[in-house]
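Enquirer: File name upload.txt; file contents compact mmCIF, C-alpha atoms; full text below.
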```txt
# COMPACT_ATOMS: atom_id res chain seq x y z
CA MET A 1 -317.49 -3.57 127.90
CA PRO A 2 -319.69 -3.56 131.03
CA GLN A 3 -319.89 -6.82 132.98
CA TYR A 4 -323.62 -7.44 132.36
CA VAL A 5 -323.06 -7.23 128.62
CA GLN A 6 -320.13 -9.65 128.85
CA ASP A 7 -322.30 -12.08 130.85
CA ARG A 8 -324.91 -12.24 128.14
CA LEU A 9 -322.78 -11.92 125.01
CA ASN A 10 -320.08 -14.59 124.84
CA ILE A 11 -317.31 -15.61 122.46
CA TYR A 12 -319.68 -17.76 120.37
CA ASP A 13 -321.86 -14.73 119.75
CA ALA A 14 -318.79 -12.83 118.60
CA LEU A 15 -317.99 -15.67 116.20
CA LEU A 16 -321.56 -15.60 114.92
CA LEU A 17 -321.21 -11.85 114.28
CA LEU A 18 -318.02 -12.50 112.31
CA GLN A 19 -319.76 -15.22 110.32
CA GLY A 20 -322.57 -12.77 109.57
CA LEU A 21 -320.03 -10.19 108.47
CA GLY A 22 -318.42 -12.77 106.16
CA ASN A 23 -321.79 -13.69 104.66
CA THR A 24 -322.59 -10.01 104.08
CA VAL A 25 -319.31 -9.64 102.19
CA LEU A 26 -320.09 -12.82 100.24
CA LEU A 27 -323.54 -11.50 99.26
CA CYS A 28 -322.13 -8.18 98.09
CA VAL A 29 -319.13 -9.50 96.18
CA ALA A 30 -321.24 -12.12 94.38
CA GLY A 31 -324.10 -9.68 93.78
CA LEU A 32 -321.88 -6.91 92.43
CA GLY A 33 -319.67 -9.25 90.39
CA LEU A 34 -322.61 -10.86 88.59
CA GLY A 35 -324.44 -7.53 88.43
CA LEU A 36 -321.47 -5.97 86.67
CA VAL A 37 -321.66 -8.54 83.86
CA ILE A 38 -325.36 -7.81 83.28
CA ALA A 39 -324.71 -4.08 83.64
CA LEU A 40 -322.15 -4.13 80.84
CA PHE A 41 -324.68 -5.61 78.43
CA VAL A 42 -327.59 -3.46 79.62
CA GLY A 43 -325.43 -0.32 79.67
CA LEU A 44 -324.17 -0.97 76.13
CA ALA A 45 -327.72 -1.65 74.98
CA ARG A 46 -328.92 1.54 76.68
CA ALA A 47 -326.24 3.60 74.91
CA SER A 48 -327.03 1.96 71.58
CA ARG A 49 -328.36 3.83 68.54
CA PHE A 50 -330.93 1.09 67.94
CA ARG A 51 -334.27 1.65 69.66
CA TRP A 52 -335.10 -2.04 69.87
CA LEU A 53 -332.01 -2.33 72.07
CA SER A 54 -332.08 0.93 74.01
CA TRP A 55 -335.79 0.98 74.94
CA PRO A 56 -335.99 -2.44 76.64
CA ALA A 57 -332.77 -1.56 78.47
CA ALA A 58 -334.24 1.78 79.60
CA PHE A 59 -337.40 0.00 80.76
CA TYR A 60 -335.39 -2.55 82.76
CA ILE A 61 -333.37 0.21 84.43
CA GLU A 62 -336.39 2.40 85.23
CA VAL A 63 -338.54 -0.35 86.75
CA ILE A 64 -335.73 -1.51 89.02
CA ARG A 65 -334.75 1.99 90.08
CA ASP A 66 -338.38 2.93 90.80
CA SER A 67 -339.36 -0.06 92.94
CA PRO A 68 -338.23 -1.01 96.44
CA LEU A 69 -335.44 -3.54 96.90
CA LEU A 70 -337.64 -5.33 99.45
CA MET A 71 -340.29 -6.00 96.76
CA GLN A 72 -337.64 -7.16 94.29
CA LEU A 73 -336.38 -9.57 96.94
CA TYR A 74 -339.88 -10.97 97.56
CA LEU A 75 -340.51 -11.29 93.81
CA VAL A 76 -337.27 -13.21 93.22
CA PHE A 77 -337.81 -15.29 96.36
CA PHE A 78 -341.29 -16.38 95.25
CA ALA A 79 -340.56 -16.51 91.50
CA LEU A 80 -337.69 -19.00 91.71
CA PRO A 81 -339.86 -21.86 93.08
CA LEU A 82 -342.50 -21.06 90.43
CA MET A 83 -339.85 -21.68 87.81
CA GLY A 84 -339.27 -25.07 89.40
CA LEU A 85 -336.01 -24.01 91.01
CA GLN A 86 -335.49 -25.15 94.58
CA VAL A 87 -332.49 -23.06 95.55
CA PRO A 88 -330.87 -22.05 98.85
CA ILE A 89 -331.82 -18.59 100.17
CA LEU A 90 -328.27 -17.43 99.48
CA VAL A 91 -329.00 -17.78 95.76
CA ALA A 92 -332.24 -15.77 96.06
CA GLY A 93 -330.34 -13.06 97.93
CA VAL A 94 -327.48 -12.91 95.45
CA ALA A 95 -329.89 -12.96 92.48
CA THR A 96 -331.81 -9.99 93.92
CA LEU A 97 -328.71 -7.93 94.61
CA MET A 98 -327.40 -8.85 91.17
CA VAL A 99 -330.55 -7.61 89.41
CA ASN A 100 -330.77 -4.50 91.59
CA SER A 101 -327.15 -3.43 91.28
CA SER A 102 -327.08 -4.18 87.54
CA ALA A 103 -329.67 -1.45 86.89
CA PHE A 104 -327.73 1.20 88.80
CA MET A 105 -324.42 0.01 87.38
CA ALA A 106 -325.81 0.08 83.82
CA GLU A 107 -326.51 3.81 84.15
CA ILE A 108 -322.97 4.38 85.42
CA VAL A 109 -321.53 2.35 82.53
CA ARG A 110 -323.66 4.31 80.06
CA ALA A 111 -322.48 7.63 81.51
CA GLY A 112 -318.90 6.39 81.22
CA ILE A 113 -319.27 5.36 77.59
CA GLN A 114 -321.08 8.55 76.63
CA ALA A 115 -318.40 10.66 78.31
CA ILE A 116 -315.95 9.47 75.64
CA GLY A 117 -315.99 11.81 72.67
CA LYS A 118 -316.94 10.74 69.19
CA ASP A 119 -313.45 11.58 67.91
CA GLN A 120 -312.07 8.66 69.95
CA TRP A 121 -314.38 6.30 68.04
CA ASP A 122 -313.36 7.92 64.78
CA ALA A 123 -309.67 7.57 65.61
CA ALA A 124 -310.18 3.89 66.48
CA ARG A 125 -311.97 3.31 63.21
CA ALA A 126 -309.19 5.11 61.32
CA LEU A 127 -306.80 2.59 62.87
CA GLY A 128 -308.94 -0.17 61.40
CA MET A 129 -310.57 -1.31 64.64
CA GLY A 130 -314.07 -2.82 64.76
CA TYR A 131 -316.75 -2.07 67.38
CA LEU A 132 -315.55 -4.62 69.94
CA GLN A 133 -311.89 -3.69 69.51
CA SER A 134 -312.61 0.03 69.88
CA MET A 135 -314.69 -0.70 72.98
CA ARG A 136 -312.02 -2.96 74.47
CA TYR A 137 -308.87 -0.95 73.73
CA ILE A 138 -309.99 2.67 73.31
CA VAL A 139 -313.32 3.46 75.00
CA MET A 140 -313.45 1.21 78.09
CA PRO A 141 -309.99 2.10 79.48
CA GLN A 142 -310.95 5.78 79.36
CA ALA A 143 -314.52 5.20 80.51
CA ALA A 144 -313.17 3.33 83.55
CA ARG A 145 -311.99 6.65 85.01
CA VAL A 146 -315.55 7.95 84.91
CA ILE A 147 -317.01 4.64 86.09
CA ILE A 148 -314.83 3.84 89.11
CA PRO A 149 -315.78 6.62 91.61
CA PRO A 150 -319.57 6.13 91.37
CA GLY A 151 -318.90 2.38 91.16
CA VAL A 152 -317.31 2.45 94.61
CA GLY A 153 -320.30 4.46 95.80
CA LEU A 154 -322.56 1.75 94.44
CA LEU A 155 -320.61 -0.91 96.34
CA ILE A 156 -321.13 1.03 99.59
CA GLY A 157 -324.84 1.21 98.81
CA LEU A 158 -324.90 -2.50 98.10
CA ILE A 159 -323.24 -3.38 101.42
CA LYS A 160 -325.91 -1.38 103.23
CA ASP A 161 -328.75 -2.65 101.05
CA SER A 162 -327.69 -6.29 101.54
CA SER A 163 -329.09 -5.93 105.08
CA VAL A 164 -332.53 -6.29 103.49
CA VAL A 165 -331.73 -9.93 102.65
CA SER A 166 -332.13 -10.61 106.40
CA VAL A 167 -335.93 -10.62 105.90
CA ILE A 168 -335.71 -13.95 104.04
CA SER A 169 -333.68 -15.29 107.00
CA TYR A 170 -330.31 -15.52 105.34
CA ILE A 171 -327.75 -15.39 108.17
CA GLU A 172 -325.95 -12.18 107.27
CA LEU A 173 -324.89 -9.44 109.66
CA THR A 174 -328.31 -7.86 110.30
CA ARG A 175 -329.97 -11.27 110.79
CA VAL A 176 -327.27 -12.15 113.33
CA GLY A 177 -328.14 -8.90 115.09
CA GLN A 178 -331.79 -9.95 115.28
CA ILE A 179 -330.90 -13.41 116.56
CA LEU A 180 -328.64 -12.02 119.28
CA THR A 181 -331.27 -9.43 120.27
CA GLU A 182 -333.86 -12.16 120.69
CA LYS A 183 -331.41 -14.11 122.82
CA THR A 184 -329.98 -11.36 125.02
CA PHE A 185 -332.54 -8.50 124.86
CA LEU A 186 -329.59 -6.09 124.59
CA SER A 187 -330.85 -4.36 121.47
CA PHE A 188 -328.89 -1.11 121.84
CA GLN A 189 -325.61 -2.93 122.37
CA VAL A 190 -326.17 -5.61 119.72
CA PHE A 191 -327.33 -3.26 116.98
CA GLY A 192 -324.64 -0.79 118.04
CA ILE A 193 -322.03 -3.49 117.38
CA VAL A 194 -323.73 -4.50 114.11
CA ALA A 195 -323.81 -0.86 112.97
CA ALA A 196 -320.14 -0.48 113.92
CA LEU A 197 -319.23 -3.52 111.79
CA TYR A 198 -321.06 -2.10 108.79
CA PHE A 199 -319.31 1.22 109.41
CA VAL A 200 -315.91 -0.51 109.42
CA LEU A 201 -316.75 -1.98 106.02
CA CYS A 202 -318.21 1.15 104.46
CA TYR A 203 -316.26 4.08 105.86
CA PRO A 204 -312.87 3.22 104.24
CA LEU A 205 -314.71 2.65 100.96
CA SER A 206 -316.38 6.06 101.13
CA ARG A 207 -313.00 7.72 101.77
CA LEU A 208 -311.68 5.74 98.79
CA ALA A 209 -314.57 6.96 96.63
CA VAL A 210 -313.78 10.59 97.53
CA SER A 211 -310.06 10.26 96.78
CA ALA A 212 -310.71 8.25 93.59
CA GLU A 213 -312.96 11.02 92.37
CA ARG A 214 -310.21 13.57 92.97
CA ARG A 215 -307.39 11.49 91.44
CA LEU A 216 -309.20 10.13 88.41
CA LYS A 217 -310.83 13.44 87.53
CA VAL A 218 -310.74 13.75 83.76
CA SER A 219 -309.02 17.01 82.94
CA GLY A 220 -310.48 19.36 80.37
CA MET B 1 -343.15 -21.71 84.12
CA HIS B 2 -343.52 -25.31 85.31
CA GLY B 3 -347.26 -25.43 84.68
CA TYR B 4 -348.02 -22.58 87.05
CA VAL B 5 -351.20 -20.64 86.28
CA PHE B 6 -351.15 -16.97 87.23
CA GLN B 7 -354.28 -15.81 89.02
CA PHE B 8 -354.65 -12.16 89.73
CA ARG B 9 -358.38 -12.15 90.52
CA GLU B 10 -358.20 -12.75 94.29
CA VAL B 11 -355.32 -10.33 94.52
CA PHE B 12 -357.26 -7.60 92.72
CA GLN B 13 -360.13 -8.06 95.17
CA GLU B 14 -357.77 -6.92 97.91
CA LEU B 15 -356.83 -3.76 96.01
CA PRO B 16 -358.59 -1.38 98.47
CA MET B 17 -356.44 -2.76 101.26
CA LEU B 18 -353.28 -2.29 99.21
CA LEU B 19 -354.26 1.28 98.34
CA ASP B 20 -354.86 1.95 102.04
CA GLY B 21 -351.30 0.77 102.62
CA ALA B 22 -350.08 3.03 99.81
CA LEU B 23 -351.70 5.96 101.63
CA THR B 24 -349.75 5.11 104.79
CA THR B 25 -346.58 4.90 102.69
CA LEU B 26 -347.24 8.37 101.24
CA HIS B 27 -348.13 9.75 104.66
CA ILE B 28 -344.96 8.53 106.38
CA SER B 29 -342.81 9.56 103.38
CA ILE B 30 -344.07 13.15 103.29
CA LEU B 31 -343.73 13.55 107.07
CA THR B 32 -340.22 12.09 106.79
CA LEU B 33 -339.27 14.63 104.15
CA LEU B 34 -340.63 17.58 106.16
CA PHE B 35 -338.89 16.59 109.41
CA SER B 36 -335.70 15.65 107.53
CA LEU B 37 -335.64 19.09 105.93
CA ILE B 38 -335.63 20.65 109.40
CA VAL B 39 -332.93 18.24 110.62
CA GLY B 40 -331.00 18.81 107.39
CA THR B 41 -331.10 22.60 107.65
CA VAL B 42 -329.93 22.57 111.27
CA GLY B 43 -327.35 19.91 110.38
CA ALA B 44 -326.02 21.91 107.43
CA LEU B 45 -325.64 25.06 109.53
CA CYS B 46 -323.84 23.02 112.21
CA ARG B 47 -321.54 21.36 109.66
CA MET B 48 -320.50 24.76 108.36
CA SER B 49 -320.05 26.27 111.81
CA ARG B 50 -316.72 27.76 112.77
CA LEU B 51 -317.01 26.18 116.21
CA ARG B 52 -315.33 22.77 116.36
CA TRP B 53 -317.60 21.31 119.04
CA ILE B 54 -320.61 21.98 116.82
CA ARG B 55 -319.04 21.05 113.49
CA VAL B 56 -317.41 17.76 114.49
CA PRO B 57 -320.50 16.04 115.97
CA ALA B 58 -322.57 17.09 112.94
CA THR B 59 -319.93 15.66 110.60
CA TRP B 60 -319.89 12.37 112.52
CA TYR B 61 -323.68 12.20 112.49
CA VAL B 62 -323.62 12.39 108.68
CA GLU B 63 -320.74 9.91 108.32
CA VAL B 64 -322.17 7.32 110.71
CA ILE B 65 -325.65 7.44 109.20
CA ARG B 66 -324.42 7.31 105.62
CA ASN B 67 -322.15 4.35 106.28
CA THR B 68 -324.63 2.10 108.09
CA PRO B 69 -327.82 0.43 106.77
CA LEU B 70 -331.25 2.00 107.26
CA LEU B 71 -332.61 -1.37 108.41
CA VAL B 72 -330.08 -1.52 111.26
CA GLN B 73 -330.91 2.08 112.23
CA LEU B 74 -334.62 1.19 112.31
CA PHE B 75 -333.99 -1.87 114.50
CA PHE B 76 -331.69 0.17 116.73
CA ILE B 77 -334.44 2.70 117.38
CA TYR B 78 -337.40 0.32 117.47
CA PHE B 79 -335.93 -2.37 119.74
CA GLY B 80 -333.83 0.19 121.58
CA PHE B 81 -336.89 2.18 122.64
CA SER B 82 -338.49 -0.93 124.06
CA GLN B 83 -335.27 -1.87 125.86
CA ILE B 84 -335.27 1.41 127.79
CA ASN B 85 -339.04 1.15 128.29
CA ILE B 86 -340.06 4.09 126.15
CA ASP B 87 -343.50 3.32 124.80
CA VAL B 88 -343.92 4.52 121.22
CA THR B 89 -346.11 3.25 118.41
CA ASN B 90 -344.51 1.36 115.54
CA TYR B 91 -345.40 4.26 113.27
CA THR B 92 -343.54 6.76 115.47
CA ALA B 93 -340.50 4.49 115.70
CA GLY B 94 -340.53 4.01 111.93
CA LEU B 95 -340.87 7.72 111.31
CA ALA B 96 -338.06 8.48 113.79
CA GLY B 97 -335.79 5.97 112.03
CA LEU B 98 -336.53 7.38 108.59
CA VAL B 99 -335.98 10.97 109.78
CA LEU B 100 -332.71 10.04 111.51
CA ASN B 101 -331.54 8.43 108.27
CA ASN B 102 -332.71 11.03 105.76
CA GLY B 103 -331.73 13.95 107.97
CA ALA B 104 -328.10 13.06 107.24
CA TYR B 105 -328.63 12.99 103.47
CA LEU B 106 -330.63 16.24 103.59
CA THR B 107 -327.79 17.81 105.61
CA GLU B 108 -325.45 17.22 102.70
CA ILE B 109 -328.01 18.43 100.16
CA VAL B 110 -328.78 21.65 102.07
CA ARG B 111 -325.07 22.26 102.69
CA ALA B 112 -324.37 22.01 98.97
CA GLY B 113 -327.27 24.42 98.39
CA ILE B 114 -325.92 27.03 100.80
CA GLN B 115 -322.37 26.63 99.50
CA ALA B 116 -323.59 27.22 95.95
CA ILE B 117 -324.51 30.78 96.90
CA HIS B 118 -321.95 33.35 95.94
CA LYS B 119 -319.90 34.98 98.67
CA GLY B 120 -320.98 38.39 97.37
CA GLN B 121 -324.56 37.65 98.46
CA PHE B 122 -323.45 37.20 102.07
CA GLU B 123 -321.36 40.37 101.92
CA ALA B 124 -324.21 42.34 100.34
CA GLY B 125 -326.58 41.10 103.05
CA TYR B 126 -324.23 42.06 105.87
CA SER B 127 -323.52 45.45 104.32
CA LEU B 128 -327.29 46.09 104.37
CA GLY B 129 -327.11 45.53 108.12
CA LEU B 130 -328.91 42.17 108.17
CA SER B 131 -328.31 39.90 111.14
CA PHE B 132 -327.29 36.26 110.54
CA PRO B 133 -330.87 34.88 110.91
CA GLN B 134 -332.23 37.68 108.69
CA LEU B 135 -329.53 37.00 106.11
CA MET B 136 -330.40 33.31 106.08
CA ARG B 137 -334.14 33.92 105.99
CA HIS B 138 -334.27 36.61 103.28
CA VAL B 139 -331.14 36.12 101.16
CA VAL B 140 -329.63 32.65 101.47
CA PHE B 141 -332.52 30.19 101.90
CA PRO B 142 -334.71 31.49 99.02
CA GLN B 143 -331.78 31.10 96.62
CA ALA B 144 -330.49 27.88 98.16
CA PHE B 145 -333.90 26.27 97.84
CA ARG B 146 -333.69 26.37 94.04
CA VAL B 147 -330.43 24.44 94.22
CA VAL B 148 -331.78 22.07 96.86
CA TYR B 149 -335.09 21.37 95.09
CA PRO B 150 -334.00 18.78 92.45
CA PRO B 151 -331.90 16.56 94.78
CA MET B 152 -334.62 16.95 97.42
CA CYS B 153 -337.17 15.52 94.98
CA ASN B 154 -334.87 12.57 94.26
CA GLN B 155 -334.57 12.08 97.99
CA LEU B 156 -338.38 11.97 98.35
CA ILE B 157 -338.55 9.21 95.73
CA GLY B 158 -335.85 7.36 97.67
CA ILE B 159 -337.82 7.84 100.89
CA ILE B 160 -340.98 6.38 99.32
CA LEU B 161 -339.07 3.29 98.13
CA TRP B 162 -337.01 2.76 101.27
CA SER B 163 -339.95 3.42 103.60
CA SER B 164 -340.96 -0.12 102.62
CA LEU B 165 -338.46 -1.24 105.27
CA VAL B 166 -340.73 0.04 108.07
CA SER B 167 -342.91 -2.97 107.24
CA THR B 168 -340.29 -5.05 109.09
CA ILE B 169 -341.25 -3.25 112.32
CA SER B 170 -344.96 -3.77 111.60
CA VAL B 171 -345.96 -0.36 110.28
CA GLN B 172 -348.96 -1.08 108.06
CA ASP B 173 -347.60 0.45 104.87
CA LEU B 174 -347.94 -0.83 101.31
CA ALA B 175 -345.23 -3.48 101.76
CA LEU B 176 -346.80 -4.94 104.91
CA ARG B 177 -350.31 -4.88 103.37
CA GLY B 178 -348.80 -6.75 100.44
CA LYS B 179 -347.40 -9.36 102.80
CA GLU B 180 -350.80 -9.75 104.45
CA VAL B 181 -352.58 -10.09 101.11
CA ALA B 182 -349.96 -12.61 99.96
CA SER B 183 -350.58 -14.75 103.02
CA THR B 184 -354.39 -14.64 102.79
CA THR B 185 -354.65 -15.27 99.04
CA PHE B 186 -351.68 -17.68 98.78
CA ARG B 187 -350.73 -15.81 95.61
CA SER B 188 -347.39 -14.39 96.69
CA PHE B 189 -345.88 -13.74 93.29
CA GLU B 190 -348.99 -12.06 91.87
CA THR B 191 -349.40 -9.93 94.98
CA TYR B 192 -345.82 -8.70 95.03
CA ALA B 193 -345.96 -8.02 91.29
CA LEU B 194 -349.02 -5.81 91.85
CA VAL B 195 -347.46 -4.10 94.88
CA THR B 196 -344.28 -3.43 92.91
CA LEU B 197 -346.39 -1.96 90.12
CA ILE B 198 -348.14 0.34 92.61
CA TYR B 199 -344.75 1.52 93.89
CA VAL B 200 -343.52 2.17 90.32
CA VAL B 201 -346.67 4.10 89.36
CA MET B 202 -346.51 6.10 92.59
CA THR B 203 -342.86 7.10 92.20
CA LEU B 204 -343.14 7.89 88.47
CA THR B 205 -346.26 10.04 89.01
CA ILE B 206 -344.75 11.94 91.92
CA SER B 207 -341.37 12.51 90.28
CA GLY B 208 -343.12 13.73 87.11
CA ALA B 209 -345.34 16.13 89.08
CA LEU B 210 -342.40 17.45 91.11
CA LYS B 211 -340.41 18.03 87.92
CA LEU B 212 -343.26 20.14 86.49
CA ILE B 213 -343.56 22.12 89.74
CA GLY B 214 -339.81 22.67 89.66
CA LEU B 215 -339.87 23.94 86.09
CA ARG B 216 -342.75 26.28 86.89
CA TRP B 217 -341.63 27.77 90.22
CA PHE B 218 -338.18 26.70 91.28
CA ARG B 219 -336.11 27.03 88.15
CA ARG B 220 -332.48 27.89 88.77
CA PRO B 221 -331.58 31.31 87.42
CA ALA B 222 -329.22 30.90 84.51
```
Please lay out the structure from this file as structure tokens.

Expert:
Amino acid sequence: MPQYVQDRLNIYDALLLLQGLGNTVLLCVAGLGLGLVIALFVGLARASRFRWLSWPAAFYIEVIRDSPLLMQLYLVFFALPLMGLQVPILVAGVATLMVNSSAFMAEIVRAGIQAIGKDQWDAARALGMGYLQSMRYIVMPQAARVIIPPGVGLLIGLIKDSSVVSVISYIELTRVGQILTEKTFLSFQVFGIVAALYFVLCYPLSRLAVSAERRLKVSG
Amino acid sequence: MHGYVFQFREVFQELPMLLDGALTTLHISILTLLFSLIVGTVGALCRMSRLRWIRVPATWYVEVIRNTPLLVQLFFIYFGFSQINIDVTNYTAGLAGLVLNNGAYLTEIVRAGIQAIHKGQFEAGYSLGLSFPQLMRHVVFPQAFRVVYPPMCNQLIGIILWSSLVSTISVQDLALRGKEVASTTFRSFETYALVTLIYVVMTLTISGALKLIGLRWFRRPA
């Protein structure tokens, strides 16, 4: 690194960048983990035969997929205090990513469930299994092969999208970039480093998504 | 809701301002799509080139852009321009960031479109004595466009939604107008609910219209 960059960016800044990276990972893991739980319910409801289940689920998915993440973040950020909840910004960030990713994940879950043929359900029933048992032991293990590749893609998207949480001043990677830019005025270098850190997180995952798609391809 | 009373009246009074912002959002989104199509077409041709020194940089452009956040790319361009003393408006910087980002996605979309065309079409074109540009212009692109059209429409919807990020570099789009209205009316939740609704209506209308246009004119031959 050139000397003038070293003079203005020191070891503490590097530590701050690492802390930001850690917080970005925290946001994404928490957001996706909680989002997955909601997505399972919404996805099952969406694939349901009953309209009173599938329509609200479809509405939930559509509204979230057709509105900007930034607006969802503002809505959650301002709605939580209205509900009398004084929570740290981390919670607002995680809640937003949870809601956002759940809608996209629900569609992936639905596609996975619907990819499993009706004969599998029939076979499970013939073995005397109920709905939950068939789902748990027959459908989900097979659906997972359809769900995993786009799921990894979703995680990559979430890592990138979590940068939006910087606008409510949560100290994640992008916010650290802004702080260091304000301090050093080295915007090219700072955001270059920030972009490189995101790349290090995302690039292996996108290779993984490509190879998972090839390996888990359902034959026939 | 903790005794909170929703009041939409003041927010509705600012509707003209929000719609003005929505116009800016549409404006920047359509320009982004047009420029990204150009970048994407050039990018796709480069990615499929036989020459390594053309193919490799194009591949890295796509990989780097697709594996880093749009917000960071916007900041990189916006603050970077000012660091090297290039004077551009916020709108231009925002547009440049969006084009840089979407150009990479369009590259992949256009590439898939060109690759979907049967090898026989290229051979037939060459055997008629067409040059490479003629072949592209008269044989490949008209057919590829039908393949490209549906994902391109999805991309436009994505552009409209993600263009909200240019509000962070002070482009007066719908999101920034919303922020202004929220701070003047002190009705943040109501304002953002209305702004979100405008975004949803806008994207649903446009994706519906594009689908009809696609069915009418750009249907893929069976």

Enquirer: Measuring between all atoms listed in the file, which one of B:Thr41, B:Thr196, B:Thr107, B:Ser29 shows the shortest distance to chain A?

Expert: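 So, comparing all the options, the nearest one is B:Thr196.
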
Enquirer: In Å, rounded to a single decimal, give me how far atom CA of A:Val200 is from atom CA of A:Val176.

Expert: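 Spanning atom CA of A:Val176 to atom CA of A:Val200 is a straight-line distance of 16.7 Å.
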
Enquirer: Per residue of chain A within 6 Å of chain B, note the shortest atom pair and the distance in Å to one decimal, counting all atoms listed in the file, and order the rows by chain and increasing residue number, as CSV.

Expert:
```
residue,atom,partner,partner_atom,distance
A:Asp66,CA,B:Val200,CA,5.2
A:Ser67,CA,B:Val200,CA,5.4
A:Pro68,CA,B:Leu161,CA,4.7
A:Leu75,CA,B:Phe189,CA,5.9
A:Phe78,CA,B:Phe189,CA,5.6
A:Met83,CA,B:Met1,CA,5.0
A:Gly84,CA,B:His2,CA,5.9
A:Lys160,CA,B:Pro69,CA,4.4
A:Ser187,CA,B:Gly80,CA,5.4
A:Phe188,CA,B:Gly80,CA,5.1
A:Phe191,CA,B:Phe76,CA,5.6
A:Ala195,CA,B:Thr68,CA,5.8
A:Tyr198,CA,B:Thr68,CA,5.6
A:Phe199,CA,B:Asn67,CA,5.3
A:Cys202,CA,B:Asn67,CA,5.4
A:Tyr203,CA,B:Asn67,CA,5.9
```

Enquirer: How many Å separate atom CA of A:Pro141 from atom CA of A:Ser102?

Expert: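 Distance reported for this atom pair: 19.9 Å.
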
Enquirer: Would you mind reading off the distance between atom CA of A:Ile61 and atom CA of A:Ala111, one decimal, in Å?

Expert: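 If I compute the distance from atom CA of A:Ile61 to atom CA of A:Ala111, I get 13.5 Å.
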
Enquirer: Might you pull out every residue within 12 Å of stretch 14-20 of chain A, with all atoms listed in the file counted and same-chain residues fewer than 5 positions away left off, and present them as a PyMOL selection string?

Expert: chain A and resi 6+8-9+25-27+162-163+165-166+169-181+190-191+193-198

Enquirer: Which is closest to A:Val109 among A:Ala57, A:Val76, A:Ala47, A:Met135, if we use all atoms listed in the file?

Expert: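 Of A:Ala57, A:Val76, A:Ala47, A:Met135, the one nearest A:Val109 is A:Ala47, counting all atoms listed in the file.
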
Enquirer: Name the residues in contact with A:Met129 at a cut-off of 12 Å, using only C-alpha atoms, excluding same-chain residues fewer than 6 positions from it; report them as a list in words.

Expert: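 My reading of the contact set: Gln120, Trp121, Asp122, Ala123, Met135, Arg136, Tyr137, Ile138 and Val139 of chain A.
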
Enquirer: Nearest residue to B:Tyr91 out of B:Thr24, B:Gln13, B:Ser49, B:Thr184, using all atoms listed in the file?

Expert: B:Thr24

Enquirer: Return as JSON the centre and edge lengths, in Å with one decimal, of the box along x, y and z that encloses every atom of stretch 160-163 of chain A in the file, padded by 6 Å per side.

Expert:
```
{"center_x": -327.5, "center_y": -3.8, "center_z": 103.1, "size_x": 15.2, "size_y": 16.9, "size_z": 16.0}
```

Enquirer: If you count only C-alpha atoms, which residues fall within 8 Å of A:Leu97, apart from same-chain ones fewer than 5 positions away, as a PDB file with C-alpha atoms, keeping the file's coordinate frame?

Expert:
```pdb
ATOM      1  CA  LEU A  27    -323.540 -11.500  99.260  1.00  0.00           C
ATOM      2  CA  CYS A  28    -322.130  -8.180  98.090  1.00  0.00           C
ATOM      3  CA  GLY A  31    -324.100  -9.680  93.780  1.00  0.00           C
ATOM      4  CA  LEU A  32    -321.880  -6.910  92.430  1.00  0.00           C
ATOM      5  CA  GLY A  35    -324.440  -7.530  88.430  1.00  0.00           C
ATOM      6  CA  LEU A 158    -324.900  -2.500  98.100  1.00  0.00           C
ATOM      7  CA  SER A 162    -327.690  -6.290 101.540  1.00  0.00           C
TER       8      SER A 162
END
```
